[in-house]
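J.: One structure is given below, represented as C-alpha cells, and several questions about it will come after.
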Amino acid sequence: MKEIKQEKIFLKNAKEIFNLIKKSNPIIIHRHINPDGDALGSQWGLKTIIEENFPNKKVLVPGDMTEYMIKFFPPAMIVNSKDYQNALVIITDTANRERISGQFWQEAKNIIKIDHHPEVDNYGTVSLVNSSASAACQVVAKWAKTMKLRLSKVAAQYLFFGLVTDSGRFLYRSVNNETFDVASYLSATNFSLLDLYEKLYLQDVKTARIKGYILNNFQISKNGVGYIILTKEDVTKLETQISQQLNQKTKITIDREDITSQVNLMSNLATIKIWFIACQNDSDDEFKISVRSSRWVINELVAKFGGGGHKNAAGAKVKSLKIVENLLHDLDNLASLAPNIK
C-alpha cells in the first residue's frame with residue numbers, strides 16, 4: 001500500500017515537473033558544490049533530455065567544477081542575475097540549500113528539487129525526491145521513462161555514469177530492483193559501456209601514487225574505524241614526494257577531491273567497520289571528510305558535525321583538526337556498538 005501511494009505521488013509530481021518545463025524558458029539546472037558523478041550526471045543528463053525533447057528551450061548549467069570531473073563532463077556555464085528573470089530552476093542531487101552550487105537560484109520564478117537524499121530541506125516549489133533510490137540520476141531517468149521522453153545515447157551515458165558511481169558499481173545497499181530497471185532503460189540506448197568503464201577505471205599515475213600513499217598510511221582505531229587525516233602540510237609533502245617519484249620538473253598539484261574520492265580504498269579490509277578520509281584545503285583551511293560504513297548508520301552522527309548524507313555514505317566540512325578528531329572519537333564509539341543496518 002505504501003509503495004502504491006509513493007508511486008502515485010511520484011507520477012503527480014513528475015507530470016507537474018513536465019508541465020513546468022514545457023511552459024518555462026529559460027531553464028537553469030543547479031547541483032551541489034564539489035560535484036561528484038551523480039551531481040554532474042543528473043545535471044547534464046537532464047539538460048540533454050530537455051534539449052532533445054524541447055529543442056527551443058534555453059538550458060543553462062552553472063556551478064563549480066573539480067579537476068577530476070573535467071574529463072567526464074563539459075565545463076559549467078557562466079550565468080548572471082538577469083538569466084533568472086522568469087526562469088525555471090531545477091536543482092539535482094542536493095539535500096539542503098547551503099550546498100547548492102551557484103548564485104541567484106532563489107530569484108527564479110519556480111524551483112524544482114530532484115534528489116535521492118533523505119529530505120532535510122524542502123526548498124523546492126515542486127519536489128521529486130526518492131530517498132530509497134541509489135542516485136539522483138536514477139530519479140531523473142525514472143522521470144524521463146515515466147513521461148515517455150526521447151532519450152539519446154549522450155543523455156543515457158551521463159545518467160548511467162552517475163548511477164554507476166553513486167551506487168558503488170551497483171554494490172551499495174541502496175541498490176534495488178528499480179536501480180537495475182533504470183540501468184536497463186539507459187543501456188537500451190546502446191551507448192558504449194566499454195568507453196564509459198575505460199574512462200572510469202583508467203587512472204593516471206598520480207592517482208595510483210595517491211592510492212598507494214593512503215594504503216600505506218591509514219590507521220585503524222580500537223573499535224575498527226579506518227581513517228587517514230591529511231593537513232595542508234601533509235598534502236604539500238605528498239605533492240613533492242610524488243613529483244620526485246615521477247621525475248616531474250614542475251611540482252604536481254593535488255586537489256582535496258583527489259584524496260577524499262579514494263575513501264573506499266578501505267571498504268573491503270578485514271576488521272574495518274567504518275572508514276573515512278579527512279583532507280584540509282589550502283585556501284580555506286577547512287577539512288573535507290568523506291565517511292562510509294558497511295552496517296552502521298553514520299549520517300545521523302555526521303549531521304551533528306554539520307554534514308549529512310545517506311545511512312552508510314556521508315560527508316562534512318569542518319573548520320579544525322580538533323573537530324576531525326572529535327568525529328573520529330564518536331565514530332569509534334559507534335563502531336563499538338552492534339550494527340544497526342541489516
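Convention: chains lettered A, B, ... in C-alpha cells order; per-chain residue numbering from 1; ligands numbered from 1 as shown.
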DSSP says helix (DSSP H, G or I) for which residues of stretch 191-234 of chain A? Put them as an mmCIF file with N, CA and C atoms, in the first residue's frame?
T.:
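As a result, selection.cif now contains:
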```cif
data_model
loop_
_atom_site.group_PDB
_atom_site.id
_atom_site.type_symbol
_atom_site.label_atom_id
_atom_site.label_comp_id
_atom_site.auth_asym_id
_atom_site.auth_seq_id
_atom_site.Cartn_x
_atom_site.Cartn_y
_atom_site.Cartn_z
ATOM 1 N N LEU A 193 29.225 1.073 -23.230
ATOM 2 C CA LEU A 193 29.620 0.766 -21.856
ATOM 3 C C LEU A 193 31.135 0.632 -21.745
ATOM 4 N N LEU A 194 31.758 0.106 -22.796
ATOM 5 C CA LEU A 194 33.210 -0.067 -22.784
ATOM 6 C C LEU A 194 33.908 1.274 -22.644
ATOM 7 N N ASP A 195 33.474 2.270 -23.437
ATOM 8 C CA ASP A 195 34.076 3.600 -23.355
ATOM 9 C C ASP A 195 33.896 4.194 -21.963
ATOM 10 N N LEU A 196 32.690 4.020 -21.415
ATOM 11 C CA LEU A 196 32.403 4.576 -20.091
ATOM 12 C C LEU A 196 33.292 3.947 -19.030
ATOM 13 N N TYR A 197 33.382 2.622 -19.015
ATOM 14 C CA TYR A 197 34.162 1.949 -17.985
ATOM 15 C C TYR A 197 35.663 2.160 -18.168
ATOM 16 N N GLU A 198 36.102 2.335 -19.399
ATOM 17 C CA GLU A 198 37.520 2.651 -19.606
ATOM 18 C C GLU A 198 37.859 3.999 -18.967
ATOM 19 N N LYS A 199 36.961 4.969 -19.121
ATOM 20 C CA LYS A 199 37.179 6.281 -18.505
ATOM 21 C C LYS A 199 37.163 6.177 -16.986
ATOM 22 N N LEU A 200 36.254 5.345 -16.469
ATOM 23 C CA LEU A 200 36.121 5.218 -15.022
ATOM 24 C C LEU A 200 37.325 4.537 -14.386
ATOM 25 N N TYR A 201 37.832 3.514 -15.038
ATOM 26 C CA TYR A 201 38.880 2.709 -14.424
ATOM 27 C C TYR A 201 40.285 3.092 -14.859
ATOM 28 N N VAL A 205 49.007 8.090 -13.303
ATOM 29 C CA VAL A 205 49.981 7.597 -12.335
ATOM 30 C C VAL A 205 49.891 8.370 -11.023
ATOM 31 N N LYS A 206 49.553 9.655 -11.107
ATOM 32 C CA LYS A 206 49.402 10.462 -9.886
ATOM 33 C C LYS A 206 48.356 9.848 -8.965
ATOM 34 N N THR A 207 47.222 9.454 -9.545
ATOM 35 C CA THR A 207 46.156 8.852 -8.747
ATOM 36 C C THR A 207 46.621 7.539 -8.129
ATOM 37 N N ALA A 208 47.355 6.750 -8.896
ATOM 38 C CA ALA A 208 47.871 5.479 -8.376
ATOM 39 C C ALA A 208 48.808 5.712 -7.193
ATOM 40 N N ARG A 209 49.638 6.754 -7.281
ATOM 41 C CA ARG A 209 50.554 7.070 -6.181
ATOM 42 C C ARG A 209 49.789 7.540 -4.943
ATOM 43 N N ILE A 210 48.714 8.316 -5.152
ATOM 44 C CA ILE A 210 47.881 8.763 -4.034
ATOM 45 C C ILE A 210 47.252 7.562 -3.336
ATOM 46 N N LYS A 211 46.753 6.617 -4.124
ATOM 47 C CA LYS A 211 46.165 5.406 -3.552
ATOM 48 C C LYS A 211 47.208 4.639 -2.734
ATOM 49 N N GLY A 212 48.423 4.544 -3.272
ATOM 50 C CA GLY A 212 49.487 3.855 -2.559
ATOM 51 C C GLY A 212 49.799 4.523 -1.234
ATOM 52 N N TYR A 213 49.809 5.855 -1.247
ATOM 53 C CA TYR A 213 50.081 6.601 -0.012
ATOM 54 C C TYR A 213 49.007 6.321 1.039
ATOM 55 N N ILE A 214 47.739 6.344 0.615
ATOM 56 C CA ILE A 214 46.637 6.096 1.553
ATOM 57 C C ILE A 214 46.730 4.690 2.132
ATOM 58 N N LEU A 215 46.968 3.710 1.277
ATOM 59 C CA LEU A 215 47.043 2.322 1.744
ATOM 60 C C LEU A 215 48.238 2.093 2.674
ATOM 61 N N ASN A 216 49.286 2.867 2.500
ATOM 62 C CA ASN A 216 50.470 2.718 3.346
ATOM 63 C C ASN A 216 50.362 3.481 4.666
ATOM 64 N N ASN A 217 49.410 4.426 4.756
ATOM 65 C CA ASN A 217 49.403 5.329 5.903
ATOM 66 C C ASN A 217 48.097 5.386 6.693
ATOM 67 N N LYS A 232 47.039 20.408 5.326
ATOM 68 C CA LYS A 232 47.546 21.003 4.084
ATOM 69 C C LYS A 232 49.066 20.811 3.972
ATOM 70 N N GLU A 233 49.760 20.736 5.123
ATOM 71 C CA GLU A 233 51.196 20.459 5.095
ATOM 72 C C GLU A 233 51.460 19.041 4.598
ATOM 73 N N ASP A 234 50.625 18.103 5.010
ATOM 74 C CA ASP A 234 50.757 16.721 4.535
ATOM 75 C C ASP A 234 50.564 16.653 3.023
#
```
J.: Taking the DSSP assignment computed from this structure's backbone, write out as a PyMOL selection string all residues of stretch 15-57 of chain A that belong to strand (DSSP E).
T.: chain A and resi 27-30
J.: Produce a table with one row for each residue of stretch 225-325 of chain A that has an atom at most 10 Å from any atom of stretch 167-172 of chain A, each row naming the nearest atom pair and its distance in Å at one decimal; use only C-alpha atoms; arrange rows by chain and rising residue number; format as JSON lines.
T.:
```
{"residue": "A:Asn264", "atom": "CA", "partner": "A:Gly168", "partner_atom": "CA", "distance": 9.1}
{"residue": "A:Ser294", "atom": "CA", "partner": "A:Tyr172", "partner_atom": "CA", "distance": 8.8}
{"residue": "A:Asn312", "atom": "CA", "partner": "A:Tyr172", "partner_atom": "CA", "distance": 8.7}
{"residue": "A:Ala313", "atom": "CA", "partner": "A:Tyr172", "partner_atom": "CA", "distance": 9.4}
```
J.: Of the residues A:Lys47, A:Arg150, A:His32, A:Lys58, which is the one nearest to A:Thr94, using only C-alpha atoms?
T.: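 Closest residue, counting only C-alpha atoms: A:His32.
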J.: Name all residues at most 8 Å from stretch 69-72 of chain A (count only C-alpha atoms; drop same-chain ones fewer than 5 positions away) and give them as a PyMOL selection string.
T.: chain A and resi 35-37+199
J.: What lies within 9 Å of A:Ala141 using only C-alpha atoms, ignoring chain neighbours under 2 positions off, as a ChimeraX atom specification?
T.: /A:42,45-46,136-139,143-146,156,159-160,182-183,185-186
J.: Would you mind listing what lies within 8 Å of A:Ile254 as a compact mmCIF listing (two decimals) with N, CA, C and O atoms, in the first residue's frame, with only C-alpha atoms counted and same-chain residues fewer than 2 positions away left out?
T.:
```
# COMPACT_ATOMS: atom_id res chain seq x y z
N VAL A 235 49.58 17.40 2.51
CA VAL A 235 49.32 17.39 1.07
C VAL A 235 50.50 17.98 0.31
O VAL A 235 50.91 17.45 -0.74
N GLU A 239 52.67 16.10 -2.50
CA GLU A 239 52.90 16.64 -3.85
C GLU A 239 54.37 16.57 -4.22
O GLU A 239 54.74 16.17 -5.34
N ILE A 252 53.66 18.59 -9.13
CA ILE A 252 52.26 18.31 -9.40
C ILE A 252 51.41 18.94 -8.30
O ILE A 252 51.88 19.24 -7.20
N ARG A 256 41.99 18.52 -3.04
CA ARG A 256 41.38 17.82 -1.91
C ARG A 256 40.51 16.67 -2.38
O ARG A 256 40.47 15.60 -1.76
N ASP A 258 41.01 14.83 -4.95
CA ASP A 258 41.88 13.72 -5.34
C ASP A 258 42.08 12.75 -4.18
O ASP A 258 42.23 11.54 -4.38
N ILE A 259 42.08 13.30 -2.97
CA ILE A 259 42.30 12.49 -1.78
C ILE A 259 41.00 11.85 -1.31
O ILE A 259 40.90 10.62 -1.16
```
